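Visitor: model_20.cif is reproduced below (mmCIF, C-alpha atoms).
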```cif
data_target
loop_
_atom_site.label_atom_id
_atom_site.label_comp_id
_atom_site.auth_asym_id
_atom_site.auth_seq_id
_atom_site.Cartn_x
_atom_site.Cartn_y
_atom_site.Cartn_z
CA MET A 1 0.00 0.00 0.00
CA ARG A 2 1.36 3.38 -0.97
CA THR A 3 1.55 6.29 1.45
CA PRO A 4 -1.19 8.74 0.41
CA LYS A 5 0.13 11.90 -1.21
CA MET A 6 -1.31 15.29 -0.43
CA TYR A 7 -1.41 17.56 -3.45
CA GLY A 8 -1.23 21.31 -3.10
CA LEU A 9 -4.76 21.98 -4.25
CA ALA A 10 -6.28 19.24 -2.13
CA LEU A 11 -4.40 20.39 0.94
CA SER A 12 -5.42 24.01 0.43
CA VAL A 13 -9.09 23.05 0.15
CA ALA A 14 -8.89 20.96 3.31
CA LEU A 15 -7.17 23.73 5.21
CA SER A 16 -9.67 26.34 4.12
CA VAL A 17 -12.55 24.14 5.27
CA ASN A 18 -10.85 23.50 8.61
CA ALA A 19 -10.17 27.20 9.03
CA CYS A 20 -13.81 28.00 8.49
CA ASN A 21 -14.87 25.44 11.06
CA GLU A 22 -12.16 26.11 13.63
CA GLY A 23 -13.44 28.07 16.60
CA SER A 24 -16.94 28.31 15.19
CA ASP A 25 -19.98 28.17 17.37
CA PRO A 26 -21.56 24.73 17.08
CA GLY A 27 -24.90 26.37 17.37
CA ALA A 28 -24.24 28.93 14.69
CA ALA A 29 -27.06 29.12 12.18
CA SER A 30 -24.85 29.32 9.09
CA GLN A 31 -21.63 27.73 7.92
CA PRO A 32 -19.81 28.50 4.68
CA GLU A 33 -21.27 26.18 2.08
CA LEU A 34 -18.75 24.25 0.02
CA SER A 35 -18.99 24.34 -3.74
CA PHE A 36 -19.44 21.02 -5.52
CA GLU A 37 -15.78 21.17 -6.58
CA GLU A 38 -14.56 21.74 -3.02
CA SER A 39 -16.82 19.04 -1.68
CA LEU A 40 -15.61 16.53 -4.25
CA GLN A 41 -11.96 17.26 -3.62
CA LEU A 42 -12.54 16.97 0.13
CA GLN A 43 -14.16 13.57 -0.39
CA LEU A 44 -11.12 12.48 -2.39
CA ILE A 45 -8.79 13.64 0.40
CA LYS A 46 -10.75 12.00 3.19
CA ALA A 47 -11.58 8.80 1.31
CA GLN A 48 -10.89 5.47 2.97
CA PRO A 49 -10.35 2.09 1.29
CA GLY A 50 -13.73 0.70 0.29
CA ASP A 51 -15.40 4.09 -0.12
CA THR A 52 -17.62 4.97 -3.08
CA ILE A 53 -17.74 8.61 -4.15
CA GLU A 54 -20.91 9.43 -6.06
CA ILE A 55 -21.03 12.01 -8.85
CA PRO A 56 -24.68 13.06 -9.28
CA SER A 57 -26.32 13.85 -12.58
CA GLY A 58 -25.53 17.26 -14.00
CA ARG A 59 -22.71 19.28 -15.48
CA HIS A 60 -20.26 20.11 -12.71
CA GLU A 61 -17.78 22.88 -13.45
CA MET A 62 -14.21 22.25 -12.28
CA THR A 63 -11.47 24.89 -12.13
CA ARG A 64 -8.59 22.78 -10.78
CA SER A 65 -7.24 19.26 -11.14
CA LEU A 66 -8.65 16.52 -8.94
CA SER A 67 -6.45 13.85 -7.37
CA LEU A 68 -6.82 10.57 -5.53
CA SER A 69 -4.08 8.60 -3.77
CA VAL A 70 -6.12 6.30 -1.50
CA PRO A 71 -6.42 2.65 -2.58
CA GLY A 72 -9.67 0.77 -2.91
CA VAL A 73 -11.89 3.71 -3.89
CA THR A 74 -14.71 3.75 -6.45
CA ILE A 75 -15.83 6.93 -8.22
CA ARG A 76 -19.28 6.42 -9.74
CA GLY A 77 -21.53 8.68 -11.72
CA ALA A 78 -25.07 8.29 -13.06
CA GLY A 79 -23.95 7.72 -16.68
CA MET A 80 -21.33 9.01 -19.10
CA ASP A 81 -23.83 11.44 -20.62
CA ARG A 82 -25.45 12.41 -17.30
CA SER A 83 -22.64 13.00 -14.78
CA ILE A 84 -20.18 15.38 -16.39
CA LEU A 85 -17.07 16.92 -14.86
CA SER A 86 -16.43 19.91 -17.11
CA PHE A 87 -13.02 21.57 -17.06
CA SER A 88 -13.85 24.22 -19.65
CA GLY A 89 -12.91 26.89 -17.10
CA GLN A 90 -9.86 25.08 -15.71
CA LEU A 91 -7.36 27.48 -14.13
CA GLN A 92 -4.87 25.15 -12.45
CA GLY A 93 -3.50 21.64 -12.82
CA ALA A 94 -2.13 19.42 -15.55
CA GLU A 95 -4.94 16.84 -15.62
CA GLY A 96 -8.62 16.49 -14.99
CA LEU A 97 -8.30 13.59 -12.55
CA LEU A 98 -4.95 12.08 -11.49
CA VAL A 99 -5.06 8.73 -9.68
CA THR A 100 -2.05 7.14 -7.98
CA ALA A 101 -3.78 4.33 -6.14
CA ASP A 102 -4.35 0.58 -6.43
CA ASP A 103 -7.72 -1.19 -6.65
CA PHE A 104 -9.38 1.80 -8.27
CA VAL A 105 -12.73 1.85 -10.10
CA ILE A 106 -14.20 4.73 -12.07
CA GLU A 107 -17.45 4.34 -13.96
CA ASP A 108 -20.46 6.04 -15.49
CA LEU A 109 -19.24 9.59 -15.89
CA ALA A 110 -17.61 12.00 -18.33
CA ILE A 111 -14.57 14.26 -18.12
CA GLU A 112 -14.61 17.10 -20.63
CA ASN A 113 -12.30 19.84 -21.93
CA THR A 114 -9.31 19.50 -19.64
CA ILE A 115 -6.21 21.59 -20.24
CA GLY A 116 -4.05 18.47 -20.22
CA ASP A 117 -4.83 14.77 -19.90
CA ALA A 118 -8.40 13.95 -18.92
CA LEU A 119 -7.99 10.82 -16.76
CA LYS A 120 -4.45 9.79 -15.83
CA ILE A 121 -3.74 6.66 -13.80
CA ASN A 122 -0.11 6.36 -12.70
CA GLU A 123 1.72 3.46 -11.02
CA SER A 124 -1.46 1.66 -10.08
CA THR A 125 -2.50 -2.00 -9.96
CA ASN A 126 -6.01 -3.36 -10.49
CA VAL A 127 -7.76 -0.56 -12.34
CA ILE A 128 -11.26 -0.64 -13.81
CA ILE A 129 -12.36 2.16 -16.14
CA ARG A 130 -15.90 1.40 -17.22
CA ARG A 131 -18.40 3.50 -19.14
CA VAL A 132 -16.25 6.60 -18.92
CA ARG A 133 -16.23 9.27 -21.61
CA THR A 134 -13.38 11.73 -22.15
CA GLU A 135 -13.97 14.45 -24.70
CA TRP A 136 -12.81 17.80 -26.01
CA THR A 137 -16.05 19.17 -27.35
CA ASN A 138 -14.54 21.67 -29.78
CA GLY A 139 -13.36 18.90 -32.11
CA PRO A 140 -9.82 18.13 -33.32
CA ASP A 141 -7.48 20.87 -32.12
CA PRO A 142 -3.75 20.85 -31.23
CA GLU A 143 -4.67 22.86 -28.11
CA ASN A 144 -6.67 19.92 -26.75
CA GLY A 145 -5.19 17.77 -24.02
CA ALA A 146 -2.86 14.99 -25.11
CA TYR A 147 -4.56 11.91 -23.65
CA GLY A 148 -8.11 10.98 -22.82
CA ILE A 149 -8.02 7.72 -20.85
CA TYR A 150 -4.37 7.32 -19.83
CA PRO A 151 -3.09 4.51 -17.58
CA VAL A 152 0.71 4.48 -17.48
CA GLN A 153 3.28 2.34 -15.66
CA SER A 154 0.42 0.31 -14.26
CA SER A 155 -0.78 -3.29 -14.34
CA HIS A 156 -3.99 -5.30 -14.48
CA ILE A 157 -6.06 -2.69 -16.30
CA LEU A 158 -9.58 -3.07 -17.67
CA ILE A 159 -11.00 -0.36 -19.94
CA ASP A 160 -14.53 -1.32 -20.90
CA SER A 161 -17.43 0.33 -22.75
CA SER A 162 -15.75 3.74 -22.72
CA VAL A 163 -15.52 6.60 -25.21
CA ALA A 164 -12.62 8.93 -26.07
CA ILE A 165 -13.02 11.91 -28.40
CA GLY A 166 -10.72 14.73 -29.48
CA ALA A 167 -7.37 13.94 -27.84
CA ALA A 168 -4.38 15.64 -29.45
CA ASP A 169 -2.28 12.50 -28.90
CA ALA A 170 -4.25 9.35 -28.04
CA GLY A 171 -7.84 8.87 -26.97
CA ILE A 172 -7.35 5.57 -25.14
CA TYR A 173 -3.68 5.11 -24.32
CA VAL A 174 -2.03 2.45 -22.18
CA GLY A 175 1.72 2.94 -21.81
CA GLN A 176 4.57 1.06 -20.13
CA SER A 177 2.06 -1.28 -18.54
CA SER A 178 1.20 -4.99 -18.43
CA GLN A 179 -1.89 -7.21 -18.31
CA ILE A 180 -4.35 -5.01 -20.17
CA ILE A 181 -7.82 -5.34 -21.65
CA VAL A 182 -9.39 -2.62 -23.81
CA ARG A 183 -12.81 -3.67 -25.07
CA ASN A 184 -16.27 -2.53 -26.17
CA SER A 185 -15.02 1.05 -26.48
CA ARG A 186 -15.11 3.77 -29.10
CA ALA A 187 -12.35 6.17 -30.09
CA GLU A 188 -13.16 9.00 -32.49
CA TYR A 189 -11.56 12.24 -33.69
CA ASN A 190 -8.30 11.67 -31.82
CA VAL A 191 -4.87 11.65 -33.41
CA ALA A 192 -4.44 8.04 -32.26
CA GLY A 193 -7.68 6.33 -31.41
CA ILE A 194 -6.41 3.46 -29.26
CA GLU A 195 -2.70 3.12 -28.50
CA ILE A 196 -0.81 0.37 -26.69
CA GLU A 197 2.76 1.63 -26.18
CA ASN A 198 5.79 -0.09 -24.63
CA SER A 199 3.42 -2.51 -22.96
CA THR A 200 3.12 -6.28 -22.61
CA PHE A 201 0.22 -8.70 -22.72
CA ALA A 202 -2.75 -6.70 -23.95
CA ASP A 203 -6.06 -7.68 -25.51
CA VAL A 204 -7.75 -5.02 -27.64
CA TYR A 205 -11.10 -6.27 -28.89
CA ASP A 206 -14.69 -5.41 -29.81
CA ASN A 207 -13.82 -1.73 -30.18
CA VAL A 208 -14.68 0.84 -32.84
CA ALA A 209 -11.99 3.23 -34.05
CA THR A 210 -13.15 5.78 -36.60
CA ASN A 211 -12.43 9.35 -37.72
CA ASN A 212 -9.04 9.36 -36.00
CA THR A 213 -5.76 10.07 -37.77
CA GLY A 214 -4.71 6.49 -36.91
CA GLY A 215 -7.27 4.01 -35.63
CA ILE A 216 -5.21 1.62 -33.49
CA LEU A 217 -1.46 1.91 -32.76
CA VAL A 218 0.74 -0.75 -31.18
CA PHE A 219 4.08 0.97 -30.60
CA ASP A 220 7.40 0.35 -28.90
CA LEU A 221 9.56 3.46 -28.61
CA PRO A 222 13.12 4.15 -27.41
CA ASN A 223 14.27 6.20 -24.42
CA LEU A 224 11.45 5.12 -22.15
CA GLU A 225 11.82 3.50 -18.75
CA ILE A 226 9.97 0.35 -19.84
CA GLN A 227 10.62 -1.19 -23.27
CA GLY A 228 10.14 -4.48 -25.06
CA GLY A 229 6.49 -4.25 -26.05
CA GLN A 230 5.06 -7.65 -26.92
CA GLY A 231 2.17 -10.05 -26.55
CA THR A 232 -0.72 -7.90 -27.83
CA ARG A 233 -3.79 -9.32 -29.51
CA VAL A 234 -5.95 -7.01 -31.67
CA PHE A 235 -9.17 -8.73 -32.68
CA HIS A 236 -12.89 -8.28 -33.42
CA ASN A 237 -12.44 -4.53 -33.86
CA THR A 238 -14.00 -2.30 -36.52
CA VAL A 239 -11.44 0.17 -37.82
CA TYR A 240 -12.80 2.43 -40.51
CA GLU A 241 -12.46 5.88 -42.10
CA ASN A 242 -9.62 7.04 -39.90
CA ASN A 243 -8.87 9.94 -42.20
CA THR A 244 -8.80 12.98 -39.90
CA ALA A 245 -5.84 15.29 -40.57
CA ASN A 246 -3.08 14.90 -37.99
CA PHE A 247 -3.49 17.67 -35.39
CA ALA A 248 -0.84 16.61 -32.88
CA PRO A 249 1.24 19.49 -31.51
CA GLU A 250 4.74 19.86 -32.89
CA GLY A 251 7.21 17.35 -31.49
CA ALA A 252 4.74 14.60 -30.56
CA ILE A 253 5.75 11.20 -31.95
CA VAL A 254 2.18 10.61 -33.16
CA GLY A 255 2.65 13.70 -35.30
CA ASN A 256 4.38 11.31 -37.72
CA VAL A 257 1.29 9.14 -38.18
CA PRO A 258 -0.20 9.84 -41.60
CA ALA A 259 -3.89 10.55 -41.85
CA GLY A 260 -5.76 7.55 -43.18
CA THR A 261 -4.02 4.86 -41.13
CA GLY A 262 -6.08 1.94 -39.83
CA LEU A 263 -3.76 -0.19 -37.68
CA LEU A 264 -0.08 0.63 -37.25
CA ILE A 265 2.36 -1.78 -35.60
CA LEU A 266 5.74 -0.21 -34.85
CA ALA A 267 8.73 -2.16 -33.48
CA ASN A 268 6.57 -4.51 -31.41
CA ASP A 269 7.02 -8.28 -31.20
CA ASN A 270 4.72 -11.27 -30.89
CA ILE A 271 1.54 -9.56 -32.07
CA GLU A 272 -1.61 -11.29 -33.30
CA VAL A 273 -4.18 -9.44 -35.42
CA PHE A 274 -7.28 -11.38 -36.39
CA GLU A 275 -10.99 -11.16 -37.22
CA ASN A 276 -11.01 -7.38 -37.48
CA THR A 277 -12.80 -5.33 -40.11
CA PHE A 278 -10.68 -2.66 -41.81
CA ARG A 279 -12.47 -0.30 -44.15
CA ASP A 280 -11.73 2.88 -46.08
CA ASN A 281 -8.61 4.04 -44.26
CA ASN A 282 -7.16 6.20 -47.03
CA ASN A 283 -3.42 5.81 -46.34
CA VAL A 284 -3.34 2.10 -45.54
CA ASN A 285 -5.58 -0.31 -43.68
CA LEU A 286 -2.73 -2.09 -41.87
CA MET A 287 1.00 -1.33 -41.75
CA VAL A 288 3.93 -2.90 -39.90
CA TYR A 289 7.33 -1.30 -39.80
CA SER A 290 10.58 -0.67 -37.98
CA PHE A 291 11.34 2.48 -36.00
CA VAL A 292 14.36 3.02 -38.26
CA LEU A 293 12.43 2.79 -41.53
CA GLY A 294 13.18 5.95 -43.47
CA GLY A 295 16.49 6.57 -41.70
CA ARG A 296 15.36 7.56 -38.21
CA SER A 297 18.29 7.31 -35.78
CA ILE A 298 18.37 5.71 -32.32
CA ASP A 299 20.43 6.78 -29.31
CA ASP A 300 19.15 4.05 -26.96
CA PRO A 301 21.45 0.97 -26.93
CA ASN A 302 18.81 -1.19 -25.25
CA TYR A 303 16.10 -0.56 -27.83
CA ASP A 304 15.05 -3.13 -30.43
CA PRO A 305 13.53 -1.27 -33.40
CA TYR A 306 12.44 -4.29 -35.45
CA PRO A 307 8.94 -5.82 -35.39
CA GLU A 308 9.06 -9.61 -35.30
CA GLN A 309 6.65 -12.52 -34.96
CA ILE A 310 3.67 -10.62 -36.33
CA TYR A 311 0.72 -12.90 -37.12
CA ILE A 312 -2.05 -11.32 -39.22
CA HIS A 313 -4.92 -13.57 -40.27
CA ASP A 314 -8.65 -13.84 -40.94
CA ASN A 315 -9.34 -10.12 -41.19
CA GLN A 316 -11.71 -8.37 -43.60
CA TYR A 317 -10.56 -5.49 -45.77
CA LYS A 318 -12.64 -3.16 -47.89
CA GLY A 319 -11.55 -0.04 -49.74
CA GLY A 320 -8.79 2.16 -48.35
CA GLY A 321 -5.28 2.84 -49.59
CA THR A 322 -6.42 5.47 -52.07
CA GLU A 323 -4.08 8.20 -50.73
CA PRO A 324 -0.80 6.56 -49.64
CA ALA A 325 0.84 9.07 -47.30
CA HIS A 326 3.61 7.33 -45.35
CA ALA A 327 6.83 8.70 -46.89
CA LEU A 328 8.09 5.44 -48.46
CA LEU A 329 4.62 4.25 -49.33
CA ALA A 330 3.93 7.57 -51.05
CA LYS A 331 7.23 7.20 -52.91
CA TRP A 332 6.18 3.77 -54.16
CA HIS A 333 2.75 5.13 -55.08
CA ALA A 334 4.25 8.02 -57.04
CA ALA A 335 6.34 5.59 -59.09
CA THR A 336 3.64 2.98 -59.68
CA GLY A 337 0.34 4.79 -59.40
CA ASN A 338 -1.02 1.90 -57.34
CA HIS A 339 -3.16 2.10 -54.25
CA SER A 340 -1.88 0.69 -50.99
CA PRO A 341 -2.51 -3.03 -50.58
CA ASP A 342 -4.41 -4.34 -47.56
CA ILE A 343 -1.20 -4.94 -45.59
CA VAL A 344 2.10 -3.08 -45.97
CA TRP A 345 5.37 -4.13 -44.34
CA GLY A 346 8.34 -1.77 -44.22
CA GLY A 347 10.73 -4.60 -45.08
CA LEU A 348 13.63 -3.88 -42.72
CA ILE A 349 15.15 -6.69 -40.66
CA ARG A 350 18.00 -6.73 -38.17
CA ALA A 351 21.52 -7.32 -39.50
CA GLY A 352 22.02 -11.03 -40.01
CA GLY A 353 18.36 -11.72 -39.28
CA SER A 354 15.99 -13.95 -41.18
CA THR A 355 12.58 -13.21 -42.68
CA GLU A 356 11.32 -16.63 -41.65
CA ASN A 357 8.15 -16.32 -39.54
CA LEU A 358 8.77 -12.59 -39.21
CA ILE A 359 5.48 -11.53 -40.77
CA CYS A 360 2.97 -14.38 -41.13
CA LEU A 361 -0.27 -13.97 -43.07
CA GLY A 362 -1.68 -17.47 -42.58
CA GLU A 363 -1.02 -20.64 -44.55
CA ALA A 364 -2.96 -19.45 -47.60
CA PRO A 365 -2.89 -15.63 -47.69
CA SER A 366 -5.73 -14.04 -49.62
CA GLN A 367 -5.18 -10.38 -48.77
CA THR A 368 -3.09 -8.05 -50.88
CA PHE A 369 0.38 -7.30 -49.54
CA LEU A 370 3.37 -5.05 -50.13
CA ASN A 371 6.93 -5.36 -48.84
CA LEU A 372 8.47 -1.89 -49.21
CA GLY A 373 11.96 -3.37 -49.11
CA GLY A 374 13.13 -0.67 -46.73
CA THR A 375 13.31 1.95 -49.49
CA GLY A 376 10.00 2.29 -51.28
CA ASN A 377 11.86 2.06 -54.60
CA PRO A 378 9.73 -0.10 -56.92
CA GLU A 379 12.72 -2.31 -57.77
CA ASP A 380 13.13 -3.17 -54.08
CA THR A 381 9.50 -3.87 -53.34
CA SER A 382 7.51 -7.08 -53.58
CA THR A 383 3.85 -8.04 -53.51
CA ASP A 384 4.62 -11.75 -53.17
CA THR A 385 2.80 -13.30 -50.20
CA GLU A 386 4.50 -16.70 -50.53
CA PRO A 387 7.38 -15.85 -48.13
CA HIS A 388 4.72 -14.93 -45.57
CA ALA A 389 2.48 -17.97 -46.01
CA CYS A 390 2.96 -19.17 -42.47
CA SER A 391 1.30 -19.27 -39.09
CA LEU A 392 2.53 -18.64 -35.57
CA PRO A 393 1.39 -20.00 -32.21
CA ARG A 394 -1.82 -18.35 -31.08
CA LEU A 395 -1.42 -15.97 -28.16
CA GLU A 396 -3.19 -16.73 -24.91
CA PRO A 397 -6.16 -14.55 -23.85
CA ILE A 398 -5.58 -12.00 -21.11
CA LYS A 399 -7.46 -12.92 -17.96
CA LEU A 400 -7.79 -10.41 -15.15
CA ALA A 401 -8.91 -11.40 -11.66
CA LEU A 402 -10.77 -8.09 -11.40
CA ASP A 403 -12.82 -8.91 -14.52
CA SER A 404 -15.80 -10.96 -13.33
CA PRO A 405 -18.97 -11.64 -15.33
CA GLY A 406 -20.93 -9.36 -13.02
CA ASP A 407 -18.78 -6.41 -14.13
CA ASP A 408 -20.31 -6.26 -17.60
#
```
If you convert what's in this file into structure tokens, what do you get?
Guide:
Amino acid sequence: MRTPKMYGLALSVALSVNACNEGSDPGAASQPELSFEESLQLQLIKAQPGDTIEIPSGRHEMTRSLSLSVPGVTIRGAGMDRSILSFSGQLQGAEGLLVTADDFVIEDLAIENTIGDALKINESTNVIIRRVRTEWTNGPDPENGAYGIYPVQSSHILIDSSVAIGAADAGIYVGQSSQIIVRNSRAEYNVAGIEIENSTFADVYDNVATNNTGGILVFDLPNLEIQGGQGTRVFHNTVYENNTANFAPEGAIVGNVPAGTGLLILANDNIEVFENTFRDNNNVNLMVYSFVLGGRSIDDPNYDPYPEQIYIHDNQYKGGGTEPAHALLAKWHAATGNHSPDIVWGGLIRAGGSTENLICLGEAPSQTFLNLGGTGNPEDTSTDTEPHACSLPRLEPIKLALDSPGDD
């Protein structure tokens, strides 16, 4: 159990309440009435393990970040379109709600228009985020907060039946974490709809990703405390029309994601993608490539930039690929005039490595395919699926002890 942390705002609210009560006449007819914001923050400060904090119906205006550091607390609203914490007038704080506590549940509410991240969960174990909406209501804008639903450096995470709209980086983002389920959720009008980054053992299924710049991203990046992303399954998702222009602020890594990208796998290993529907993603429906494709340099000696053991099978593809925009894919398109195939692989492998079982498309591939050969030059590329007519061991489902049938 972590020692509870007292944040400056929370402490100041508590002290002001105590100051008002100190020395007061118990029989006095009137006491200063707390605002909803002050009352909520005070509940978060005074919470004990096992407590449930109720957010009633209505739009509740917040001016400062909220924080929780007590384990075993549930925050529950009356519905994601009924109980709304609105930060449109936020004056202080980097997030809407910051949680640094284990055994945390948040459900049935919305967090809107935060200056920074909407809901950040940091260094927590056993987290349930259920029927939560995060949204920037002004639409895609680089001034929006970076992340909507944002667990990081955490484990045993369930994100279920939630909605993320308008994030300038990722709507639903799980980073540097392990044992993850993201399901039954919708991501729309974000730069990245759903992103699993530098994480291990994740199931992403039964989600809808549409109108983002990139629908679903599975990334592993250098220079982060936790690396070696692997063991993600992406299945039963509908990923369509992710053609929104990239609106990430300058310098964000997702600023490199071309508009029109369905699923992008970058430098991750042991990934299984199956039984998804990809439709009308204008750049490419599905792309796999190395961090160093296109000449990007690395200054992290522990980082592995090459995707390996990628198993893609039994998906449906329709349309898409009409406006190839990734730099090397666009180069190939300019030379050939062809649309992007269903699946594009960057084609780079580690020095001395083998292509055997690197990218497997099933024993009898039926989808169209392009190997960019690491250059995008037509003479280096190949559309031959025969070297990728293979299968890999199926990955095991993620099972979380906190995910019981009664939770649905």
Visitor: Around (15.0, 0.2, -32.7) in the file's frame, which residues reach within 10 Å when counting only C-alpha atoms? Return as number ranges by chain?
Guide: A: 220-222, 266-268, 290-293, 296-307, 350
Visitor: Specify as a PyMOL selection string each residue included when the PyMOL selection byres ((chain A and resi 316-323) around 12) is applied to this file.
Guide: chain A and resi 235-243+258-263+273-287+312-315+324-327+329-334+337-344+366-370
Visitor: So that I can see what lies close to Ile196 of chain A, please list as a ChimeraX atom specification the residues with an atom at most 12 Å from it, counting only C-alpha atoms and leaving out residues fewer than 4 positions away in the same chain.
Guide: /A:149-153,170-182,192,200-204,215-221,229-234,263-268,271
Visitor: Just want the 7 Å neighbourhood of Leu68 of chain A, counted on only C-alpha atoms, with same-chain residues fewer than 5 positions away dropped. Output as a ChimeraX atom specification.
Guide: /A:44-45,98-101
Visitor: For segment 48-62 of chain A, find every residue with an atom within 10 Å (counting only C-alpha atoms), except residues of its own chain fewer than 3 positions away, and show them as a PyMOL selection string.
Guide: chain A and resi 35-38+40+43-45+65-66+70-92+96+102-112+114
Visitor: Compare A:Leu158, A:Leu34, A:Gly166, A:Thr375 by their minimum atom-to-atom distance to Thr125 of chain A, counting only C-alpha atoms, and give me the closest one.
Guide: A:Leu158
